[in-house]
Structure formats: C-alpha cells, structure tokens
>>> print(open('data13.txt').read())   # compact mmCIF, C-alpha atoms
# COMPACT_ATOMS: atom_id res chain seq x y z
CA MET A 23 65.70 141.78 56.12
CA GLU A 24 68.31 144.50 56.39
CA ASN A 25 65.73 147.15 55.78
CA HIS A 26 63.44 146.05 58.55
CA LYS A 27 65.61 145.92 61.60
CA MET A 28 62.57 147.01 63.55
CA ILE A 29 61.00 143.62 63.15
CA GLU A 30 62.45 140.25 63.87
CA LYS A 31 61.07 136.86 64.62
CA VAL A 32 61.54 135.28 68.02
CA ASN A 33 61.29 131.59 68.80
CA LEU A 34 59.17 131.32 71.90
CA LEU A 35 60.40 127.83 72.75
CA SER A 36 64.05 128.78 72.43
CA VAL A 37 63.88 131.90 74.55
CA ALA A 38 61.94 130.01 77.19
CA ASP A 39 64.62 127.30 77.19
CA ASN A 40 67.29 129.87 77.77
CA LEU A 41 65.76 131.97 80.50
CA PRO A 42 68.65 132.37 82.91
CA GLU A 43 67.00 133.00 86.23
CA LEU A 44 63.92 131.64 87.94
CA SER A 45 61.06 134.08 88.46
CA LYS A 46 62.61 136.92 86.49
CA TYR A 47 60.41 138.30 83.74
CA LEU A 48 61.86 138.81 80.29
CA THR A 49 60.10 141.17 77.90
CA ILE A 50 60.14 139.64 74.43
CA GLY A 51 57.81 141.90 72.47
CA LYS A 52 55.30 144.70 72.35
CA LEU A 53 52.00 144.59 70.54
CA ASN A 54 50.31 147.99 70.45
CA ASP A 55 49.85 148.95 74.13
CA HIS A 56 50.39 145.36 75.26
CA VAL A 57 53.58 143.63 76.30
CA LEU A 58 54.73 140.00 76.06
CA ASN A 59 56.75 138.67 78.97
CA ILE A 60 58.01 135.18 79.64
CA VAL A 61 58.99 133.75 82.97
CA ARG A 62 60.27 130.43 84.29
CA VAL A 63 58.85 129.64 87.71
CA GLU A 64 59.08 126.81 90.21
CA ASN A 65 57.82 126.32 93.75
CA ARG A 66 56.27 129.76 93.99
CA THR A 67 52.84 131.05 94.99
CA LEU A 68 51.94 134.69 94.58
CA ASP A 69 49.52 136.62 96.77
CA PHE A 70 45.97 137.05 95.57
CA HIS A 71 45.76 140.20 93.50
CA VAL A 72 43.73 141.92 90.84
CA HIS A 73 44.46 143.95 87.73
CA ASP A 74 41.93 146.74 87.42
CA GLU A 75 43.01 148.09 84.06
CA SER A 76 43.81 145.04 81.96
CA ASP A 77 42.85 141.50 81.15
CA GLU A 78 45.77 139.10 81.51
CA MET A 79 46.64 136.18 79.27
CA PHE A 80 48.66 133.18 80.45
CA TYR A 81 50.03 130.72 77.88
CA ILE A 82 51.82 127.62 79.12
CA ILE A 83 54.92 127.00 77.03
CA GLU A 84 56.08 124.03 79.09
CA GLY A 85 55.08 122.38 82.38
CA SER A 86 51.94 123.07 84.36
CA MET A 87 50.61 125.44 87.01
CA GLU A 88 47.41 126.39 88.74
CA LEU A 89 45.47 129.60 88.84
CA GLU A 90 43.47 130.06 92.01
CA PHE A 91 40.43 132.26 92.27
CA GLU A 92 38.30 133.10 95.27
CA GLU A 93 35.97 130.24 94.48
CA GLY A 94 37.97 127.63 92.66
CA LYS A 95 41.06 126.85 90.70
CA ILE A 96 42.06 125.86 87.18
CA GLU A 97 45.02 123.70 86.25
CA LEU A 98 46.89 124.81 83.16
CA CYS A 99 49.06 122.44 81.15
CA GLU A 100 51.32 122.79 78.13
CA GLY A 101 49.56 124.49 75.25
CA ASP A 102 46.79 125.92 77.43
CA PHE A 103 46.01 129.58 77.52
CA ILE A 104 43.56 131.48 79.65
CA ILE A 105 42.47 135.09 79.73
CA ILE A 106 41.73 136.48 83.17
CA PRO A 107 39.33 139.38 82.85
CA ARG A 108 40.31 142.63 84.52
CA GLY A 109 38.96 142.92 88.04
CA LEU A 110 39.02 139.21 88.85
CA VAL A 111 40.99 138.26 91.96
CA HIS A 112 43.50 135.49 91.26
CA ARG A 113 46.87 134.10 92.12
CA PRO A 114 49.30 131.81 90.29
CA VAL A 115 50.40 128.67 92.12
CA CYS A 116 53.48 127.10 90.55
CA LYS A 117 54.59 123.90 92.24
CA ASN A 118 56.63 122.31 89.49
CA LEU A 119 58.74 124.01 86.88
CA VAL A 120 56.63 125.93 84.39
CA LYS A 121 57.45 128.30 81.55
CA VAL A 122 54.78 130.87 80.87
CA LEU A 123 54.07 133.61 78.36
CA LEU A 124 52.10 136.53 79.76
CA ILE A 125 50.37 139.20 77.70
CA GLU A 126 48.70 142.23 79.23
CA LYS A 127 48.70 146.01 78.92
CA ILE A 128 52.02 147.74 79.53
CA GLY A 129 52.17 148.76 83.17
CA THR A 130 50.00 145.92 84.47
CA LEU A 131 52.82 143.88 85.97
CA THR A 132 54.49 145.52 88.94
CA GLY A 133 56.90 144.50 91.66
CA GLU A 134 53.93 144.49 93.99
CA ASN A 135 51.77 141.98 92.11
CA THR A 136 54.67 139.68 91.20
CA GLY A 137 56.14 139.23 94.65
CA GLY A 138 58.96 141.57 93.74
CA ALA A 139 59.97 139.57 90.69
CA PHE A 140 59.02 142.05 87.99
CA GLU A 141 61.49 144.85 87.50
CA LYS A 142 60.69 147.63 85.10
CA MET B 20 35.01 126.67 88.40
CA GLU B 21 31.20 126.86 88.33
CA ASN B 22 31.32 130.43 89.54
CA HIS B 23 33.56 131.64 86.77
CA LYS B 24 31.87 130.56 83.61
CA MET B 25 33.25 133.70 82.04
CA ILE B 26 36.74 132.28 82.04
CA GLU B 27 37.92 128.99 80.71
CA LYS B 28 41.20 127.63 79.54
CA VAL B 29 41.70 126.71 75.90
CA ASN B 30 44.34 124.36 74.58
CA LEU B 31 45.87 126.10 71.60
CA LEU B 32 47.31 122.90 70.15
CA SER B 33 44.00 121.03 70.39
CA VAL B 34 41.88 123.72 68.80
CA ALA B 35 44.43 124.09 66.03
CA ASP B 36 44.32 120.33 65.45
CA ASN B 37 40.58 120.44 65.09
CA LEU B 38 40.09 123.41 62.83
CA PRO B 39 37.55 122.13 60.34
CA GLU B 40 38.15 124.21 57.26
CA LEU B 41 41.22 125.60 55.55
CA SER B 42 41.60 129.37 55.60
CA LYS B 43 38.65 130.04 57.90
CA TYR B 44 39.51 132.10 60.96
CA LEU B 45 38.32 130.93 64.35
CA THR B 46 38.14 133.45 67.19
CA ILE B 47 39.37 131.79 70.36
CA GLY B 48 39.65 134.68 72.81
CA LYS B 49 39.58 138.38 73.51
CA LEU B 50 42.18 140.28 75.47
CA ASN B 51 41.13 143.84 76.19
CA ASP B 52 40.59 145.40 72.74
CA HIS B 53 42.55 142.64 71.03
CA VAL B 54 41.34 139.39 69.54
CA LEU B 55 42.97 135.97 69.15
CA ASN B 56 42.22 134.10 65.94
CA ILE B 57 43.61 130.86 64.65
CA VAL B 58 43.66 129.68 61.09
CA ARG B 59 44.91 126.66 59.18
CA VAL B 60 46.27 127.58 55.78
CA GLU B 61 47.87 125.78 52.85
CA ASN B 62 48.91 126.82 49.38
CA ARG B 63 47.68 130.39 49.77
CA THR B 64 49.26 133.80 49.20
CA LEU B 65 47.45 136.95 50.23
CA ASP B 66 47.78 140.32 48.51
CA PHE B 67 50.18 142.85 49.98
CA HIS B 68 48.32 144.94 52.54
CA VAL B 69 48.79 147.14 55.56
CA HIS B 70 47.08 147.59 58.90
CA ASP B 71 47.06 151.26 59.78
CA GLU B 72 45.55 150.97 63.25
CA SER B 73 47.17 147.92 64.81
CA ASP B 74 50.33 145.92 65.10
CA GLU B 75 49.81 142.27 64.19
CA MET B 76 51.29 139.24 65.88
CA PHE B 77 51.77 135.90 64.13
CA TYR B 78 52.60 132.80 66.18
CA ILE B 79 53.33 129.55 64.36
CA ILE B 80 51.60 126.69 66.14
CA GLU B 81 52.65 124.09 63.56
CA GLY B 82 54.28 124.11 60.16
CA SER B 83 55.99 127.03 58.50
CA MET B 84 55.20 130.04 56.32
CA GLU B 85 56.79 133.18 54.96
CA LEU B 86 56.01 136.81 55.48
CA GLU B 87 56.97 138.99 52.56
CA PHE B 88 57.69 142.67 52.84
CA GLU B 89 58.48 145.19 50.14
CA GLU B 90 62.18 144.59 50.61
CA GLY B 91 62.61 141.07 51.85
CA LYS B 92 60.99 138.11 53.49
CA ILE B 93 61.16 136.18 56.75
CA GLU B 94 60.51 132.47 57.16
CA LEU B 95 58.57 131.53 60.26
CA CYS B 96 58.73 128.04 61.74
CA GLU B 97 57.01 126.27 64.63
CA GLY B 98 57.34 128.25 67.84
CA ASP B 99 58.25 131.49 66.08
CA PHE B 100 56.33 134.67 66.61
CA ILE B 101 56.70 138.03 64.96
CA ILE B 102 55.04 141.35 65.51
CA ILE B 103 54.43 143.40 62.39
CA PRO B 104 54.24 147.07 63.29
CA ARG B 105 51.22 148.99 62.09
CA GLY B 106 51.80 150.66 58.77
CA LEU B 107 54.22 148.08 57.39
CA VAL B 108 53.21 146.54 54.06
CA HIS B 109 53.31 142.75 54.15
CA ARG B 110 51.74 139.58 52.87
CA PRO B 111 51.63 136.01 54.17
CA VAL B 112 52.84 133.31 51.82
CA CYS B 113 51.76 129.84 52.92
CA LYS B 114 53.00 127.07 50.68
CA ASN B 115 52.78 124.10 53.01
CA LEU B 116 50.23 123.47 55.73
CA VAL B 117 50.62 125.91 58.61
CA LYS B 118 48.59 126.59 61.73
CA VAL B 119 48.83 130.15 62.98
CA LEU B 120 47.65 132.21 65.93
CA LEU B 121 47.01 135.86 65.12
CA ILE B 122 46.59 138.62 67.67
CA GLU B 123 45.68 142.17 66.75
CA LYS B 124 43.12 144.83 67.63
CA ILE B 125 39.50 143.91 67.10
CA GLY B 126 38.45 145.09 63.65
CA THR B 127 41.88 144.74 62.07
CA LEU B 128 41.12 141.60 60.10
CA THR B 129 38.61 142.10 57.34
CA GLY B 130 37.37 140.16 54.37
CA GLU B 131 39.39 142.52 52.23
CA ASN B 132 42.80 141.90 53.81
CA THR B 133 42.30 138.13 54.18
CA GLY B 134 41.32 137.36 50.61
CA GLY B 135 37.71 136.98 51.71
CA ALA B 136 38.52 134.37 54.35
CA PHE B 137 37.70 136.38 57.46
CA GLU B 138 34.01 136.61 58.21
CA LYS B 139 32.86 138.75 61.09
>>> encode(input="data13.txt", output="structure tokens")
Amino acid sequence: MENHKMIEKVNLLSVADNLPELSKYLTIGKLNDHVLNIVRVENRTLDFHVHDESDEMFYIIEGSMELEFEEGKIELCEGDFIIIPRGLVHRPVCKNLVKVLLIEKIGTLTGENTGGAFEK
Amino acid sequence: MENHKMIEKVNLLSVADNLPELSKYLTIGKLNDHVLNIVRVENRTLDFHVHDESDEMFYIIEGSMELEFEEGKIELCEGDFIIIPRGLVHRPVCKNLVKVLLIEKIGTLTGENTGGAFEK
C-alpha cells in the first residue's frame, strides 16, 4: 500500500495491550469530525460531567467498568458498547483495570472532564 | 436504569454472533450524525465505489477480509480497524466468513454501494 500512506490499519487489541501509562489517552484515529481515543484505567472515578455538543461512545476492549448517571448505573463488560447522548450527566467509575475505546466529536474530551488526564 | 430507557449497552460480540442473515446490515447505534452497522459476510465482493461525503470505518469483530484499492490491498484480521477517507475508491473482498462493524455518516450506505444488501 505504498500509494496510500494516508490509510493504515490498526489493531485495537494490540494498541490497547501496549498503552504505556495509566489514564493517558492515546488518539488512534479520526473519522470525519470524530476522534477515536483509547485509555487504560484502574482505580479511578471521574467527576460527574456532561458533554453538551456530542454523544459519547464507550467500547470495552478488556475488563469492566461502571457508568454512573444521576439515577442509576450500568456495568460495562468486555465487548459492550454504549452511547451516552449529549446532555446526559454521567461519570465513569473504574475499579479494576479496564481498556476502553472512546469515540466522540473532536474537542469533546478536555483536561477538565477527564480529571486532567486528557492532553491535547 | 429505568429512568434512562434512551440508553442501553449492547454487546458487540453477542449481536454479531446472532446476526440472522448473511450480508444484511443491522443498525446497532447512532452517534451524533454517524451510524453503527454490523454485517456478517461470506464469499462476497462488492464493486469498487467511493463515498464522497464521509470517511468509513471498518472494525473486524471476527474473521478476516480484504479491502482493495486502485493500487493495492490491505488484509484486515480480528481486532483490526481502518478508516477509509472520503473520496478514496475501494471495495471489500470477503472470501471467508467475517463479522464487521461499520461506522460512517448516516446516509452513506446505500443499496447501490452495498450490492443491494443495505436496506434503509
């Protein structure tokens, strides 16, 4: 594929296995105005927050985590994905080690809503 | 989660395992103006085509397939994803059984560019 250096495949499982640092987001692709980030998290609970401009997709590559809402929570296990509609207050609760793919509009993740973990 | 019927988790591996019919797309979620479809395909090659308005993401849930371009091809295996930029001519070549997640802008997939398989 010498003539298409712009595109390359990425193995989601391999990059997730090789994430060097806990809680640091790694951008692995862009899809139109959306961005794919993966993160490896353990023993971490973020503050409740909301994204006003974008839905947010979580896909669990490995492990499990919870998403808490104002009136309930959902446990996510390997292979699960969920799409949080824009405007819905939520927070991730990661007790055990989990590897997650996130997809949302570029600019949605900030240092503020990731407990300082997302660096642009 | 009785108060959030609008959101629910989906297990990607389970829905892919239970796709009833070969080559029929199943919409499993919407993320902003994008849509997630899964499809189970075997022994099928689509015509070369292009999406002018949207990038297109392929994620291989199980199996393997090839993407052919005008000047080369890429083999995709389980766990691989690739993002085809809008405007790039391509065609999927699926020899063996493969289960794929597709994400692109709503309206990108049509009967025409899926060999009649996508029904809206």
>>> atom_distance(input="data13.txt", atom1="CA of Gly109 in chain A", atom2="CA of Gly126 in chain B")
24.5 Å
>>> closest_residue(input="data13.txt", among="A:Val111, A:Ile105, A:Val32, A:Ile96", to="Glu126 in chain A", atoms="all atoms listed in the file")
A:Ile105
>>> interface_residues(input="data13.txt", of="chain A", to="chain B", cutoff="6 Å", atoms="only C-alpha atoms", output="count of residues only")
14
>>> closest_residue(input="data13.txt", among="B:Val69, B:Val34, B:Val60, B:Ile47", to="Ala136 in chain B", atoms="all atoms listed in the file")
B:Val60
>>> axis_aligned_box(input="data13.txt", around="range 68-86 of chain B", padding_each_side="8 Å", output="lines of an AutoDock Vina configuration file")
center_x = 51.2
center_y = 137.7
center_z = 59.4
size_x = 27.2
size_y = 43.2
size_z = 29.6
>>> atom_distance(input="data13.txt", atom1="CA of Leu45 in chain B", atom2="CA of Phe137 in chain B")
8.8 Å
>>> closest_residue(input="data13.txt", among="B:Asp71, B:Glu131, B:Glu138, B:Glu85", to="Asn56 in chain B", atoms="all atoms listed in the file")
B:Glu138
>>> atom_distance(input="data13.txt", atom1="CA of Leu121 in chain B", atom2="CA of Leu41 in chain A")
24.6 Å
>>> closest_residue(input="data13.txt", among="B:Asn132, B:Met84, B:His68, B:Leu116", to="Ala35 in chain B", atoms="only C-alpha atoms")
B:Leu116
>>> residues_around(input="data13.txt", residues="Pro111 in chain B", least_positions_apart="6", cutoff="6 Å", atoms="all atoms listed in the file", output="PyMOL selection string")
chain B and resi 64-65+85-86
>>> closest_residue(input="data13.txt", among="B:Lys43, B:Arg110, B:His70, B:Arg59", to="Gly82 in chain B", atoms="all atoms listed in the file")
B:Arg59
